[in-house]
Each structure stands twice: as structure tokens, then as C-alpha cells.
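> What follows is a single structure, and I will ask about it in a moment.
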Amino acid sequence: MSQRPATLTASGTTLSDSLDGYLDRLTGPVSGRSRDLPEQPPTPVMTARDLNVFYGGFHAVHDVNLSFGRNEITALIGPSGCGKSTVLRCLNRMNDLVPAARVDGAVTYHDVDIYGPRVDPIQVRRHIGMVFQKPNPFPKSIYDNVAYGPRVTGMKVDDMDALVERALRGAALWDEVKDKLKQSAYGLSGGQQQRLCIARTIATSPDVILMDEPCSALDPIATSRIEDLMLQLREDYTIIIVTHNMQQAARVSDRTAFFTARPDETTGDRTGQLVEFAPTRKIFSTPADPRTEAYISGRFG
Amino acid sequence: MNSAVLTATREVTTANVTGRSRERTPGSLLFLGLLWFSLFFGVMVLVVLIVDTVLSGAPRFDSALVTRYDSTLFPERTGFRAGILGTVWLMLTTAVLAVPLGIAAAVHLEEFADPRRSWNRFIEVNLQNLAAVPAIVYGLLAVAVMAVLGFQRKGIVLGGAVALALLILPVIIITTREALRAVPEEIRSGSLALGATRWQTTWKQTLPSAVPGIATGTILGLSRAIGEAAPLLLLGIAGAVRFDPAGLTSPVTALPIQIYFMTSQSQESYQQAASAAIVVLLVMVLALNALAIFIRNKFQRRW
């Protein structure tokens with residue numbers, strides 16, 4: 001882990017030679033390569049079927065079909081405006097908070113349609129947690145940040161101190177903050193704040209953790225700690241991550257879904273669609289679609 | 001060539017540091033002068049007014065001013081005890097009436113109401129207008145409210161407080177909305193993503209984060225209400241009350257009312273007393289503003 005790969009430039013000159021060479025140059029745990037995976041997740045926790053998202057009259061995402069395997073990390077990659085964050089926000093009904101957003105199709109969680117008529121979005125979010133792009137700790141103490149979720153969701157907790165410690169240990173933050181639990185979370189560094197947000201999420205014992213570009217506001221060292229943490233968390237949780245950083249997708253994810261935006265013939269809207277979904281190893285070595293190859297070799301996006 | 005660029009850069013830097021640059025043309029200097037004059041004019045008027053009031057009220061800075069009631073027999077010993085206590089009573093009642101209502105209305109508009117609905121937009125526009133309605137109109141409204149509620153006595157604490165509460169309600173709603181809007185959206189998303197309800201999010205995250213702004217807005221609203229005389233006059237609040245207010249339905253007077261009546265008297269002693277009372281009122285307003293600043297600094301958060 002001491003040596004990080006060279007920064008990927010927008011022009012893609014560092015990987016113009018060959019994709020295999022690109023993969024070989026990656027250091028650190030490349031889980032997508034280390035695990036041999038079947039084409040499709042054998043035991044999907046969540047599935048999106050014919051997912052379409054509209055913001056008012058704007059067609060944001062078109063016919064996405066995806067399934068997310070248990071204890072796997074799935075990365076959603078693609079150029080800006082391709083709808084990957086929108087898809088992520090559909091998975092725990094955070095899009096409900098956007099006025100005028102409409103979701104068609106089905107998102108199932110353990111075979112239950114989370115957009116079904118009798119499903120409470122609050123309950124959905126208790127099972128499917130989310131970590132945001134910008135670390136967003138609450139203006140409270142570190143302890144109260146972690147305890148907030150269990151408190152508001154009415155979890156029966158015998159020993160809150162133990163739960164807070166477990167969550168902070170789970171997010172690899174305990175040793176750094178154990179002596180200042182009562183201090184404001186705003187005193188932490190950006191990377192620590194993001195790990196606090198992860199601790200806050202796992203404190204409510206979710207099943208799935210959604211991460212929306214969790215490292216884009218962090219420096220490389222903090223990023224690498226979060227990536228290590230993701231690989232640890234994979235043992236207990238199903239993780240779905242949106243990332244702009246292809247090296248990150250290659251380093252941590254088991255499967256990768258590549259999205260792109262396609263201009264609509266009639267309206268000219270740039271509607272996001274899924275191009276290819278496969279084990280990460282395959283996406284980065286032998287992509288089936290020429291658009292995928294063009295993107296990961298840095299020729300567009 | 002290179003050294004020329006370097007010299008130019010150095011010149012610009014020097015100009016920035018010393019605040020001098022070639023932009024100091026006669027036109028800009030004239031404009032700067034005008035700005036200084038405007039500032040000087042505004043501050044000067046205020047200073048002259050305050051100094052004049054303090055000087056003419058100076059002979060009456062004694063304990064009788066705040067401990068004695070209004071006196072016609074001994075104008076040189078007249079006091080504002082009833083007015084000061086009345087103003088305090090009016091302010092507290094106004095706050096109790098207006099603050100919960102104003103905050104609740106603002107929370108609804110900002111956190112729960114759908115901005116796409118036409119009636120919500122209609123309410124928004126009208127709130128801005130209500131803040132600009134003259135105080136005396138609220139006095140008339142309060143008279144009507146008190147008549148409908150069936151209160152026979154005029155000039156009571158509740159009547160005055162209703163008028164002042166109506167007056168500052170739009171101010172409280174608008175400033176509370178500003179404070180709520182300043183709470184970053186990420187805080188709300190973070191709370192909702194953990195499975196908190198909208199209500200829990202508002203109650204445990206948004207409102208506590210907005211407390212400094214809400215408190216400041218409320219106190220500034222109250223310090224506007226404290227100086228109002230017109231709506232209280234309409235409600236029949238008298239100048240000559242010689243007892244302490246004893247409850248919500250007790251007749252009451254207020255400092256601005258007493259000042260208003262006293263300045264229309266011809267005796268020199270009353271003029272002095274009125275000036276001294278103005279200073280008392282100024283001190284109360286300043287105290288409220290100081291409290292607002294204190295609360296804002298004490299609870300201020302950085303995001």
C-alpha cells in the first residue's frame with residue numbers, strides 16, 4: 001500500500017498503451033481481480049428492473065437493470081451527467097426528497113419492491129444507509145453523531161457506549177477519537193469526518209451501504225484509508241459506490257456498472273443509461289462494449 | 001522583456017499593498033468623498049440627536065425617574081415606573097404570543113410546504129408585504145380582535161400585546177426562514193438517510209442549528225415593537241397610569257406613550273423628564289440588541 005498508482009490524467013495518456021498494462025500498474029488490493037466471480041451476482045440483495053427516473057419532464061435515467069450481490073462492492077462509474085448518482089439515490093428512496101422526481105420500474109430489496117404502495121421510505125432508509133460526497137457530520141459531538149441514528153430510529157440499545165465504540169471501530173476511527181468523544185465532530189479532519197459518517201451509518205446496522213463519491217472531497221491518504229475500510233466492511237455489508245475515479249473502482253469493487261449519457265432523439269435531453277455491467281476484472285480487461293473500452297482507456301469522459 | 005514584466009508585476013503588487021493605484025481618478029475621488037459624506041451625515045444626525053437628548057434629560061437622571069409614578073403635582077419628581085414595568089409586561093406577552101407562532105409558521109413554510117403550490121407562493125409574497133404594513137393598521141386590527149374576543153376594558157396588557165405581536169409576526173417569520181435556509185441541505189439529507197423522519201430531522205437537527213438566527217431575528221423584532229406608540233394609542237392605552245400592571249387584563253401604560261404625552265406638556269420639568277425617559281428607552285433597546293449579538297456569537301456554528 002505504500003506506493004499509490006500514478007494519477008490518472010483526463011487525457012488518459014498514462015494508459016494509452018494497453019489495458020492490461022494499466023491493471024498491472026495498480027498496486028494495493030485489487031479485489032475485482034483477486035476474486036473469481038460469476039457473470040451475475042448469485043445472491044442479489046437488491047435488484048433494479050427497468051428503472052426510469054424523471055425530474056419533471058426531464059428523462060434522467062432510461063431502463064436500468066442491475067443486481068447487487070451480497071457482500072460485494074459494486075461500483076457505478078461513468079462520465080458526469082450519466083445518471084449514476086440518480087440511480088444510487090433511487091436505491092434508498094432519497095430521490096423522494098427531490099420535488100418533481102418520479103421513478104418508474106421496480107427496485108427490489110430481498111424481493112420486496114421498495115416503491116410498493118405500503119412501503120415506508122423511512123423504513124427503507126433504515127435498512128439501506130448512505131454516505132455522501134461531502135462529509136456531513138452533524139453539529140454535535142462525535143458520540144452524539146454516532147448515537148443519533150439508533151436514537152431516532154428507536155433501536156433498542158442496552159449499552160449505547162458499546163454500540164458507539166463498535167461503530168467507530170468498524171469505521172477504523174476509534175483509536176483516533178476515543179479520548180475526545182464529547183468534542184465537536186467539526187474538529188476532525190475531512191477524512192476522519194467521512195469515516196465518522198460511515199460509523200454513523202453502520203451504527204444503525206443497515207444491510208446495504210450506498211456511497212456517493214465518498215472520497216471526492218478527500219486527499220489521497222484519506223482516500224486510501226476509506227478504500228481499505230470499504231474492503232473490511234464488505235465482509236458484513238453490501239456496498240454500492242458511485243465514483244468518478246476509475247482506479248478506485250478497479251481497486252475496490254467486485255463488479256462495475258458503466259453508465260453513459262445518450263442524447264434523446266426528440267427532446268435532446270441527455271438521458272443516462274447502463275452500457276455494461278460485469279465483474280470489475282472483466283470490465284477493465286475485456287470490456288464487451290466499445291464505449292466502455294473508450295471510457296476506461298481515457299478516450300472520452 | 002522579462003525584467004519589464006517583472007517590474008510591472010512589482011508595481012501592481014506595491015499598488016495593491018499601499019492601496020494606491022492609477023484608478024484614483026478625480027471622478028472616483030469625488031465619489032469616495034460623496035460616500036464619506038453620506039456616512040458622516042447619517043452618523044452625525046444620530047449623534048446630535050442622542051447628545052441633545054442626554055443633555056436635556058441630564059437633570060433628571062435620578063432614582064425617582066425609575067421608581068416613582070407619573071405626577072402632576074410635582075412635575076420635577078415625575079417618574080416612569082408604570083411605563084417601564086408596562087413596557088416589560090407588553091414585551092414579554094408579545095414574545096409569548098408571537099415567537100412560537102412565528103417560528104411554527106416559518107418551519108412549515110420552509111420545511112414542509114410544497115413551494116410549487118400556488119397558495120404557498122401567495123403566502124410568501126404576502127408575508128413580505130405584511131412586514132411593510134404601517135404599525136397603526138395592526139393597532140386597528142388588534143382593536144377588532146379584542147372586540148371580537150369580548151374584552152370590555154380598554155388599554156389592557158393583552159390588547160397592546162396582540163397589536164405588537166401582529167406587528168412583529170412577519171418579521172419573525174421572515175428572519176426564521178432565513179435562519180432555516182442557512183442550515184446546509186447536507187445536514188437534512190444526512191439525518192433522513194439514517195432513517196429519521198422529516199419531523200425528527202427538523203426538531204433535532206434543523207431547528208437547533210438555526211437557533212442563533214431565530215433568536216437574533218426575534219429580538220430585533222421585539223426591539224422594533226418596544227418603541228411603537230401608534231398602535232398602543234389606538235387601543236386606548238393611557239399615559240397616566242399610577243399603578244403597576246398586575247396581569248394580562250390589567251390596564252397598562254408604556255414608555256413610548258408616556259414620552260409622547262409628556263413632550264406635549266409645556267412645563268420645562270416634563271420636557272426634561274421626557275428626554276430622560278427617551279434615554280431609558282434607548283438603553284432598553286440597546287440591551288435587547290446586545291442580547292441578540294451575544295446569543296448569535298455564543299451559539300454561532302461554522303459549517
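Within each chain, counting starts at residue 1; across the C-alpha cells, chains are named A, B, ... in the order shown, with ligands numbered 1 upward in that order.
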When you look at region 109-117 of chain A with a cut-off of 7 Å (counting only C-alpha atoms), what residues show up, excluding the ones that are within fewer than 6 positions of it in the same chain? I need them as a list in words.

Val45, Met46, Thr47 and Val124 of chain A

> With C-alpha atoms retained, could you export that selection as an mmCIF file, in the first residue's frame?


```cif
data_model
loop_
_atom_site.group_PDB
_atom_site.id
_atom_site.type_symbol
_atom_site.label_atom_id
_atom_site.label_comp_id
_atom_site.auth_asym_id
_atom_site.auth_seq_id
_atom_site.Cartn_x
_atom_site.Cartn_y
_atom_site.Cartn_z
ATOM 1 C CA VAL A 45 -29.640 -8.308 -2.178
ATOM 2 C CA MET A 46 -31.065 -5.565 -4.348
ATOM 3 C CA THR A 47 -32.258 -5.504 -7.918
ATOM 4 C CA VAL A 124 -36.196 1.616 3.566
#
```

> Would you please extract all alpha helix (DSSP H) residues from region 165-274 of chain A, as assigned by DSSP on the backbone, and give them as a ChimeraX atom specification?

/A:165-170,174-177,190-202,220-233,246-252

> Would you output that residue set with C-alpha atoms, as a PDB file, in the first residue's frame?


```pdb
ATOM      1  CA  GLU A 165     -17.436   2.082  20.205  1.00  0.00           C
ATOM      2  CA  ARG A 166     -18.333  -0.805  17.924  1.00  0.00           C
ATOM      3  CA  ALA A 167     -19.446   1.543  15.144  1.00  0.00           C
ATOM      4  CA  LEU A 168     -16.327   3.705  15.482  1.00  0.00           C
ATOM      5  CA  ARG A 169     -14.109   0.624  15.474  1.00  0.00           C
ATOM      6  CA  GLY A 170     -15.992  -0.624  12.443  1.00  0.00           C
ATOM      7  CA  TRP A 174     -11.946   4.523  17.323  1.00  0.00           C
ATOM      8  CA  ASP A 175      -8.242   4.841  18.131  1.00  0.00           C
ATOM      9  CA  GLU A 176      -8.141   8.394  16.826  1.00  0.00           C
ATOM     10  CA  VAL A 177     -11.207   9.705  18.663  1.00  0.00           C
ATOM     11  CA  GLY A 190     -12.087  15.714   6.339  1.00  0.00           C
ATOM     12  CA  GLY A 191     -11.096  12.055   6.126  1.00  0.00           C
ATOM     13  CA  GLN A 192     -11.957  11.493   9.786  1.00  0.00           C
ATOM     14  CA  GLN A 193     -15.291  13.218   9.259  1.00  0.00           C
ATOM     15  CA  GLN A 194     -16.063  10.897   6.363  1.00  0.00           C
ATOM     16  CA  ARG A 195     -15.168   7.847   8.457  1.00  0.00           C
ATOM     17  CA  LEU A 196     -17.396   9.289  11.194  1.00  0.00           C
ATOM     18  CA  CYS A 197     -20.208   9.442   8.641  1.00  0.00           C
ATOM     19  CA  ILE A 198     -19.545   5.788   7.832  1.00  0.00           C
ATOM     20  CA  ALA A 199     -19.566   4.954  11.561  1.00  0.00           C
ATOM     21  CA  ARG A 200     -22.829   6.849  11.895  1.00  0.00           C
ATOM     22  CA  THR A 201     -24.297   4.787   9.074  1.00  0.00           C
ATOM     23  CA  ILE A 202     -23.201   1.389  10.378  1.00  0.00           C
ATOM     24  CA  PRO A 220      -5.079  10.624  -1.354  1.00  0.00           C
ATOM     25  CA  ILE A 221      -4.106   9.338   2.093  1.00  0.00           C
ATOM     26  CA  ALA A 222      -7.621   9.723   3.493  1.00  0.00           C
ATOM     27  CA  THR A 223      -8.942   8.161   0.280  1.00  0.00           C
ATOM     28  CA  SER A 224      -6.768   5.106   0.687  1.00  0.00           C
ATOM     29  CA  ARG A 225      -7.952   4.661   4.286  1.00  0.00           C
ATOM     30  CA  ILE A 226     -11.583   4.809   3.180  1.00  0.00           C
ATOM     31  CA  GLU A 227     -10.836   2.269   0.447  1.00  0.00           C
ATOM     32  CA  ASP A 228      -9.236  -0.105   2.947  1.00  0.00           C
ATOM     33  CA  LEU A 229     -12.260   0.389   5.148  1.00  0.00           C
ATOM     34  CA  MET A 230     -14.625  -0.492   2.299  1.00  0.00           C
ATOM     35  CA  LEU A 231     -12.844  -3.790   1.793  1.00  0.00           C
ATOM     36  CA  GLN A 232     -13.235  -4.565   5.508  1.00  0.00           C
ATOM     37  CA  LEU A 233     -16.878  -3.550   5.504  1.00  0.00           C
ATOM     38  CA  MET A 246     -11.748   4.578 -12.308  1.00  0.00           C
ATOM     39  CA  GLN A 247      -8.677   3.459 -10.408  1.00  0.00           C
ATOM     40  CA  GLN A 248     -10.780   3.458  -7.280  1.00  0.00           C
ATOM     41  CA  ALA A 249     -13.401   1.300  -8.996  1.00  0.00           C
ATOM     42  CA  ALA A 250     -10.656  -1.062 -10.119  1.00  0.00           C
ATOM     43  CA  ARG A 251      -9.069  -1.174  -6.665  1.00  0.00           C
ATOM     44  CA  VAL A 252     -12.104  -1.826  -4.520  1.00  0.00           C
TER      45      VAL A 252
END
```

> For chain B, list the residues within 8 Å of chain A, counting only C-alpha atoms, and write the list as a count of residues only.

15

> Can you list, as an MDAnalysis selection string, every protein, DNA or RNA residue that comes within 12 Å of region 43-52 of chain B when you count only C-alpha atoms, leaving out same-chain residues fewer than 2 positions away?

chainID B and resid 36:41 54:58 272 275:276 278:283

> Can you list, as a list in words, every protein, DNA or RNA residue that comes within 12 Å of Met284 (chain B) when you count only C-alpha atoms, leaving out same-chain residues fewer than 3 positions away?

Ile84, Leu85, Thr87, Val88, Met91, Ile219, Leu222, Ser223, Arg224, Ala225, Ile226, Gly227, Leu255, Pro256, Ala277, Ile278, Val279, Val280, Leu281, Ala287, Leu288, Asn289, Ala290 and Leu291 of chain B

> If we count only C-alpha atoms and set the cut-off at 9 Å, which residues sit around Gln300 (chain B), ignoring sequence neighbours fewer than 3 positions away in its own chain? Please answer as a ChimeraX atom specification.

/B:209,211-213,295-297

> Extract, using only C-alpha atoms, all DNA, RNA and protein residues at most 10 Å from Gly83 (chain B), discarding same-chain residues fewer than 6 positions from it, and format them as a compact mmCIF listing (two decimals) with N, CA and C atoms, in the first residue's frame.


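Contents of out32.txt, as written:
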```txt
# COMPACT_ATOMS: atom_id res chain seq x y z
N VAL B 66 -37.07 56.16 37.78
CA VAL B 66 -37.50 54.79 37.54
C VAL B 66 -38.33 54.22 38.69
N TYR B 69 -44.15 57.03 40.25
CA TYR B 69 -45.17 57.08 39.20
C TYR B 69 -45.24 58.49 38.65
N ASP B 70 -46.02 58.62 37.58
CA ASP B 70 -46.31 59.88 36.94
C ASP B 70 -46.97 60.84 37.94
N TRP B 89 -43.89 44.22 30.63
CA TRP B 89 -45.04 43.31 30.53
C TRP B 89 -45.47 43.12 29.08
N GLY B 239 -51.65 57.36 29.16
CA GLY B 239 -50.33 57.80 29.57
C GLY B 239 -50.21 57.88 31.09
N ALA B 240 -51.31 58.26 31.73
CA ALA B 240 -51.27 58.47 33.17
C ALA B 240 -51.82 57.26 33.91
N VAL B 241 -50.98 56.28 34.13
CA VAL B 241 -51.36 55.10 34.92
C VAL B 241 -50.47 55.12 36.15
N ARG B 242 -51.08 55.07 37.34
CA ARG B 242 -50.26 55.22 38.54
C ARG B 242 -50.27 53.96 39.39
N PHE B 243 -50.19 52.82 38.74
CA PHE B 243 -50.02 51.55 39.47
C PHE B 243 -49.29 50.57 38.57
N ASP B 244 -48.73 49.52 39.19
CA ASP B 244 -48.01 48.51 38.41
C ASP B 244 -49.01 47.60 37.72
N PRO B 245 -48.71 47.15 36.48
CA PRO B 245 -49.59 46.17 35.85
C PRO B 245 -49.61 44.89 36.66
N VAL B 252 -52.59 49.29 31.51
CA VAL B 252 -51.15 49.39 31.44
C VAL B 252 -50.80 50.66 30.67
N THR B 253 -49.59 51.14 30.88
CA THR B 253 -49.07 52.18 30.02
C THR B 253 -47.71 51.72 29.52
N ALA B 254 -47.14 52.47 28.59
CA ALA B 254 -45.85 52.06 28.05
C ALA B 254 -44.97 53.30 27.91
N LEU B 255 -43.67 53.08 27.92
CA LEU B 255 -42.73 54.20 27.85
C LEU B 255 -42.98 55.11 26.63
N PRO B 256 -43.12 54.58 25.42
CA PRO B 256 -43.31 55.48 24.28
C PRO B 256 -44.56 56.34 24.43
N ILE B 257 -45.63 55.76 25.03
CA ILE B 257 -46.87 56.50 25.23
C ILE B 257 -46.64 57.65 26.21
N GLN B 258 -45.97 57.33 27.31
CA GLN B 258 -45.72 58.36 28.32
C GLN B 258 -44.83 59.47 27.75
N ILE B 259 -43.85 59.06 26.97
CA ILE B 259 -42.98 60.07 26.36
C ILE B 259 -43.79 60.97 25.43
N ALA B 277 -36.58 59.87 29.87
CA ALA B 277 -37.28 58.62 29.58
C ALA B 277 -36.84 58.06 28.22
```

> Fewer than 6 positions away in the same chain doesn't count, so skip those; otherwise give me all residues within 10 Å of Gly105 (chain A), counting only C-alpha atoms, as a PyMOL selection string.

chain A and resi 48-53+63-65+113+115

> Could those selected residues go to a file with N, CA and C atoms, as a tab-separated table (two decimals), in the first residue's frame?


```
chain	number	residue	atom	x	y	z
A	48	ALA	N	-32.54	-3.71	-9.51
A	48	ALA	CA	-33.30	-2.65	-10.17
A	48	ALA	C	-33.77	-3.21	-11.50
A	49	ARG	N	-35.06	-3.08	-11.76
A	49	ARG	CA	-35.61	-3.61	-13.02
A	49	ARG	C	-36.30	-2.50	-13.79
A	50	ASP	N	-35.86	-2.32	-15.03
A	50	ASP	CA	-36.46	-1.32	-15.92
A	50	ASP	C	-36.62	0.03	-15.22
A	51	LEU	N	-35.57	0.43	-14.55
A	51	LEU	CA	-35.63	1.66	-13.76
A	51	LEU	C	-35.55	2.89	-14.68
A	52	ASN	N	-36.56	3.75	-14.55
A	52	ASN	CA	-36.57	5.02	-15.29
A	52	ASN	C	-36.80	6.13	-14.28
A	53	VAL	N	-36.03	7.21	-14.40
A	53	VAL	CA	-36.20	8.33	-13.47
A	53	VAL	C	-36.46	9.59	-14.28
A	63	ASP	N	-34.27	2.85	-18.45
A	63	ASP	CA	-34.25	1.38	-18.46
A	63	ASP	C	-32.98	0.76	-17.88
A	64	VAL	N	-32.75	0.98	-16.60
A	64	VAL	CA	-31.57	0.38	-15.97
A	64	VAL	C	-31.95	-0.94	-15.32
A	65	ASN	N	-31.19	-1.97	-15.63
A	65	ASN	CA	-31.37	-3.27	-14.99
A	65	ASN	C	-30.06	-3.67	-14.33
A	113	ASP	N	-40.61	-4.85	-3.34
A	113	ASP	CA	-40.48	-3.63	-4.13
A	113	ASP	C	-40.49	-2.43	-3.18
A	115	TYR	N	-40.61	0.55	-3.83
A	115	TYR	CA	-41.53	1.60	-4.27
A	115	TYR	C	-42.97	1.12	-4.21
```

> Going by DSSP on the backbone, which residues of region 57-284 of chain A come out as strand (DSSP E)? List them as a ChimeraX atom specification.

/A:58-69,73-77,101-109,112-113,128-131,208-212,238-242,255-263,270-279

> Can those selected residues be exported to a file as a PDB file, in the first residue's frame so that it contains C-alpha atoms?


```pdb
ATOM      1  CA  PHE A  58     -36.586  15.551 -17.963  1.00  0.00           C
ATOM      2  CA  HIS A  59     -35.856  11.878 -18.540  1.00  0.00           C
ATOM      3  CA  ALA A  60     -32.759  11.361 -16.355  1.00  0.00           C
ATOM      4  CA  VAL A  61     -32.278   7.584 -16.445  1.00  0.00           C
ATOM      5  CA  HIS A  62     -33.520   5.093 -19.038  1.00  0.00           C
ATOM      6  CA  ASP A  63     -34.250   1.380 -18.455  1.00  0.00           C
ATOM      7  CA  VAL A  64     -31.568   0.384 -15.970  1.00  0.00           C
ATOM      8  CA  ASN A  65     -31.373  -3.272 -14.993  1.00  0.00           C
ATOM      9  CA  LEU A  66     -28.883  -4.139 -12.268  1.00  0.00           C
ATOM     10  CA  SER A  67     -28.478  -6.541  -9.398  1.00  0.00           C
ATOM     11  CA  PHE A  68     -26.267  -6.076  -6.383  1.00  0.00           C
ATOM     12  CA  GLY A  69     -24.676  -9.153  -4.810  1.00  0.00           C
ATOM     13  CA  ILE A  73     -18.806  -3.995  -3.700  1.00  0.00           C
ATOM     14  CA  THR A  74     -20.485  -2.726  -6.826  1.00  0.00           C
ATOM     15  CA  ALA A  75     -19.087   0.403  -8.455  1.00  0.00           C
ATOM     16  CA  LEU A  76     -21.167   2.692 -10.643  1.00  0.00           C
ATOM     17  CA  ILE A  77     -18.904   4.606 -12.999  1.00  0.00           C
ATOM     18  CA  ALA A 101     -38.774  13.423  -9.195  1.00  0.00           C
ATOM     19  CA  ARG A 102     -40.592  10.359 -10.497  1.00  0.00           C
ATOM     20  CA  VAL A 103     -39.364   6.770 -10.502  1.00  0.00           C
ATOM     21  CA  ASP A 104     -40.768   4.087 -12.817  1.00  0.00           C
ATOM     22  CA  GLY A 105     -39.881   0.419 -12.769  1.00  0.00           C
ATOM     23  CA  ALA A 106     -39.063  -1.663  -9.725  1.00  0.00           C
ATOM     24  CA  VAL A 107     -36.320  -1.656  -7.118  1.00  0.00           C
ATOM     25  CA  THR A 108     -36.496  -4.769  -5.027  1.00  0.00           C
ATOM     26  CA  TYR A 109     -34.790  -5.348  -1.716  1.00  0.00           C
ATOM     27  CA  VAL A 112     -39.823  -6.546  -1.801  1.00  0.00           C
ATOM     28  CA  ASP A 113     -40.477  -3.630  -4.126  1.00  0.00           C
ATOM     29  CA  ILE A 128     -30.134   0.895   3.248  1.00  0.00           C
ATOM     30  CA  GLY A 129     -27.758   3.518   4.635  1.00  0.00           C
ATOM     31  CA  MET A 130     -25.988   6.224   2.690  1.00  0.00           C
ATOM     32  CA  VAL A 131     -22.668   8.078   2.827  1.00  0.00           C
ATOM     33  CA  VAL A 208     -26.658  -2.189   2.354  1.00  0.00           C
ATOM     34  CA  ILE A 209     -24.442   0.920   2.354  1.00  0.00           C
ATOM     35  CA  LEU A 210     -24.671   3.350  -0.541  1.00  0.00           C
ATOM     36  CA  MET A 211     -21.685   5.650  -1.079  1.00  0.00           C
ATOM     37  CA  ASP A 212     -21.964   8.653  -3.371  1.00  0.00           C
ATOM     38  CA  THR A 238     -23.270  -4.990   0.690  1.00  0.00           C
ATOM     39  CA  ILE A 239     -21.718  -1.828  -0.689  1.00  0.00           C
ATOM     40  CA  ILE A 240     -22.693   0.174  -3.745  1.00  0.00           C
ATOM     41  CA  ILE A 241     -20.387   3.054  -4.607  1.00  0.00           C
ATOM     42  CA  VAL A 242     -20.555   5.822  -7.180  1.00  0.00           C
ATOM     43  CA  ARG A 255     -18.452  -5.575 -10.070  1.00  0.00           C
ATOM     44  CA  THR A 256     -18.633  -2.439 -12.141  1.00  0.00           C
ATOM     45  CA  ALA A 257     -21.579  -0.895 -13.921  1.00  0.00           C
ATOM     46  CA  PHE A 258     -20.649   1.569 -16.634  1.00  0.00           C
ATOM     47  CA  PHE A 259     -23.182   4.295 -17.437  1.00  0.00           C
ATOM     48  CA  THR A 260     -23.195   6.856 -20.171  1.00  0.00           C
ATOM     49  CA  ALA A 261     -25.464   9.669 -21.271  1.00  0.00           C
ATOM     50  CA  ARG A 262     -27.233   9.437 -24.613  1.00  0.00           C
ATOM     51  CA  PRO A 263     -28.978  12.405 -26.210  1.00  0.00           C
ATOM     52  CA  ARG A 270     -29.110  13.683 -22.120  1.00  0.00           C
ATOM     53  CA  THR A 271     -30.623  10.547 -20.671  1.00  0.00           C
ATOM     54  CA  GLY A 272     -28.426   8.234 -18.640  1.00  0.00           C
ATOM     55  CA  GLN A 273     -28.313   4.554 -19.487  1.00  0.00           C
ATOM     56  CA  LEU A 274     -26.437   1.469 -18.398  1.00  0.00           C
ATOM     57  CA  VAL A 275     -23.918   0.330 -21.000  1.00  0.00           C
ATOM     58  CA  GLU A 276     -22.276  -2.635 -19.386  1.00  0.00           C
ATOM     59  CA  PHE A 277     -22.408  -4.469 -16.089  1.00  0.00           C
ATOM     60  CA  ALA A 278     -19.837  -7.154 -15.390  1.00  0.00           C
ATOM     61  CA  PRO A 279     -17.209  -8.262 -12.869  1.00  0.00           C
TER      62      PRO A 279
END
```

> Quick one: distance from CA of Asp62 (chain B) to CA of Ser264 (chain B) in Å, one decimal?

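Taking CA of Asp62 (chain B) and CA of Ser264 (chain B), their separation equals 22.2 Å.
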
> Please report the interatomic distance between CA of Phe261 (chain B) and CA of Arg60 (chain B) in Å with one decimal.

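Between CA of Phe261 (chain B) and CA of Arg60 (chain B) the gap is 17.3 Å.
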
> Under the rule that only C-alpha atoms are counted, which of B:Gly159, B:Trp203, B:Glu111, B:Arg188 is the nearest residue to Leu141 (chain B)?

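Going through B:Gly159, B:Trp203, B:Glu111, B:Arg188 one by one, the smallest distance to Leu141 (chain B) is for B:Gly159.
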